[in-house]
Amino acid sequence: MTENTLEEKKNRLLGDIDERRKKQEKRRRNNRGIFNTLVIGGILLSLGAAIAGFSGMAGGAQVAGILALLAGASITLESAFKFGEKADFYRILVGEFDNLRIALRYAVDTEEKLELIVKKFQTAITVTARSLPRGQGMSAVKTLYEELDRHGILVVPEVEATS
């Protein structure tokens, strides 16, 4: 088996990071699109319900009731599945992968530094699998930074809990 040079290892790792980054960016875009659709749809349905309720037209109360139910369903879907928080989580992961790419290109000149980038990459992947927001809010992001800090990779920023 041939020994790979540092440059070959860096290029392979860059490819792996780019592949993972693309997946997370796609997930970010999908979740952001669903979030925006639900929020804007909820607003428009609420507005439609109000207009139908006050219009005085025949059947306006029934239309207003149906539109209000749909608006409520839109809000409930967002509350239950946290599409906005998932999009923010993926946005942060994409940023982490961008930081890894920059560090790999400009700061890695030894095997030890390469190993540190590999550990950070593995940590980001592991935390992604375990900590995707499912109602716990942005505490998943704090978990990511805490895991990275345990490896001595970065300082944990102060993240305030949101309720």
# chains A, B, ... in the order shown; residues from 1 in each chain; ligands from 1
>>> residues_around(residues="A:Glu96", least_positions_apart="6", cutoff="10 Å", atoms="only C-alpha atoms", output="ChimeraX atom specification")
/A:17,21,90,102,120-121,124
>>> write_last_selection(atoms="C-alpha atoms", output="PDB file, in the first residue's frame")
ATOM      1  CA  ILE A  17     -16.174  18.044   3.177  1.00  0.00           C
ATOM      2  CA  ARG A  21     -21.554  20.507   2.724  1.00  0.00           C
ATOM      3  CA  TYR A  90     -28.060  23.313   8.750  1.00  0.00           C
ATOM      4  CA  ILE A 102     -10.621  27.378   4.574  1.00  0.00           C
ATOM      5  CA  LYS A 120     -13.553  18.388  13.809  1.00  0.00           C
ATOM      6  CA  PHE A 121     -15.163  17.031  10.634  1.00  0.00           C
ATOM      7  CA  ALA A 124     -19.658  17.818  13.132  1.00  0.00           C
TER       8      ALA A 124
END
>>> select_by_dssp(residues="stretch 18-158 of chain A", states="helix (DSSP H, G or I)", output="VMD selection string")
chain A and resid 18 to 55 60 to 81 83 to 106 111 to 131 139 to 150
>>> atom_distance(atom1="atom CA of A:Leu44", atom2="atom CA of A:Leu67")
9.2 Å
>>> closest_residue(among="A:Phe97, A:Phe35, A:Phe54, A:Phe89", to="A:Thr76", atoms="only C-alpha atoms")
A:Phe35
>>> atom_distance(atom1="atom CA of A:Ile51", atom2="atom CA of A:Ala64")
7.7 Å
>>> closest_residue(among="A:Gly53, A:Gly48, A:Gly95, A:Gly33", to="A:Leu70", atoms="only C-alpha atoms")
A:Gly48
>>> residues_around(residues="A:Thr37", least_positions_apart="6", cutoff="12 Å", atoms="only C-alpha atoms", output="number ranges by chain")
A: 30-31, 43-45, 71, 74-75, 77-78, 83-84
>>> write_last_selection(atoms="C-alpha atoms", output="mmCIF file, in the first residue's frame")
data_model
loop_
_atom_site.group_PDB
_atom_site.id
_atom_site.type_symbol
_atom_site.label_atom_id
_atom_site.label_comp_id
_atom_site.auth_asym_id
_atom_site.auth_seq_id
_atom_site.Cartn_x
_atom_site.Cartn_y
_atom_site.Cartn_z
ATOM 1 C CA ASN A 30 -35.548 22.590 1.725
ATOM 2 C CA ASN A 31 -36.311 23.370 5.381
ATOM 3 C CA ILE A 43 -50.480 34.720 7.297
ATOM 4 C CA LEU A 44 -52.386 34.744 4.007
ATOM 5 C CA LEU A 45 -54.912 32.194 5.234
ATOM 6 C CA ALA A 71 -54.040 28.655 9.036
ATOM 7 C CA SER A 74 -49.948 25.639 8.998
ATOM 8 C CA ILE A 75 -48.864 27.009 12.370
ATOM 9 C CA LEU A 77 -46.969 21.971 11.300
ATOM 10 C CA GLU A 78 -44.209 24.520 11.856
ATOM 11 C CA PHE A 83 -38.504 23.659 9.922
ATOM 12 C CA GLY A 84 -37.090 27.110 10.705
#
>>> closest_residue(among="A:Leu132, A:Leu100, A:Ile40, A:Ala58", to="A:Leu114", atoms="only C-alpha atoms")
A:Leu100
>>> atom_distance(atom1="atom CA of A:Val118", atom2="atom CA of A:Leu104")
9.7 Å
>>> closest_residue(among="A:Gly72, A:Arg105, A:Ala80, A:Lys23", to="A:Asn11", atoms="only C-alpha atoms")
A:Arg105
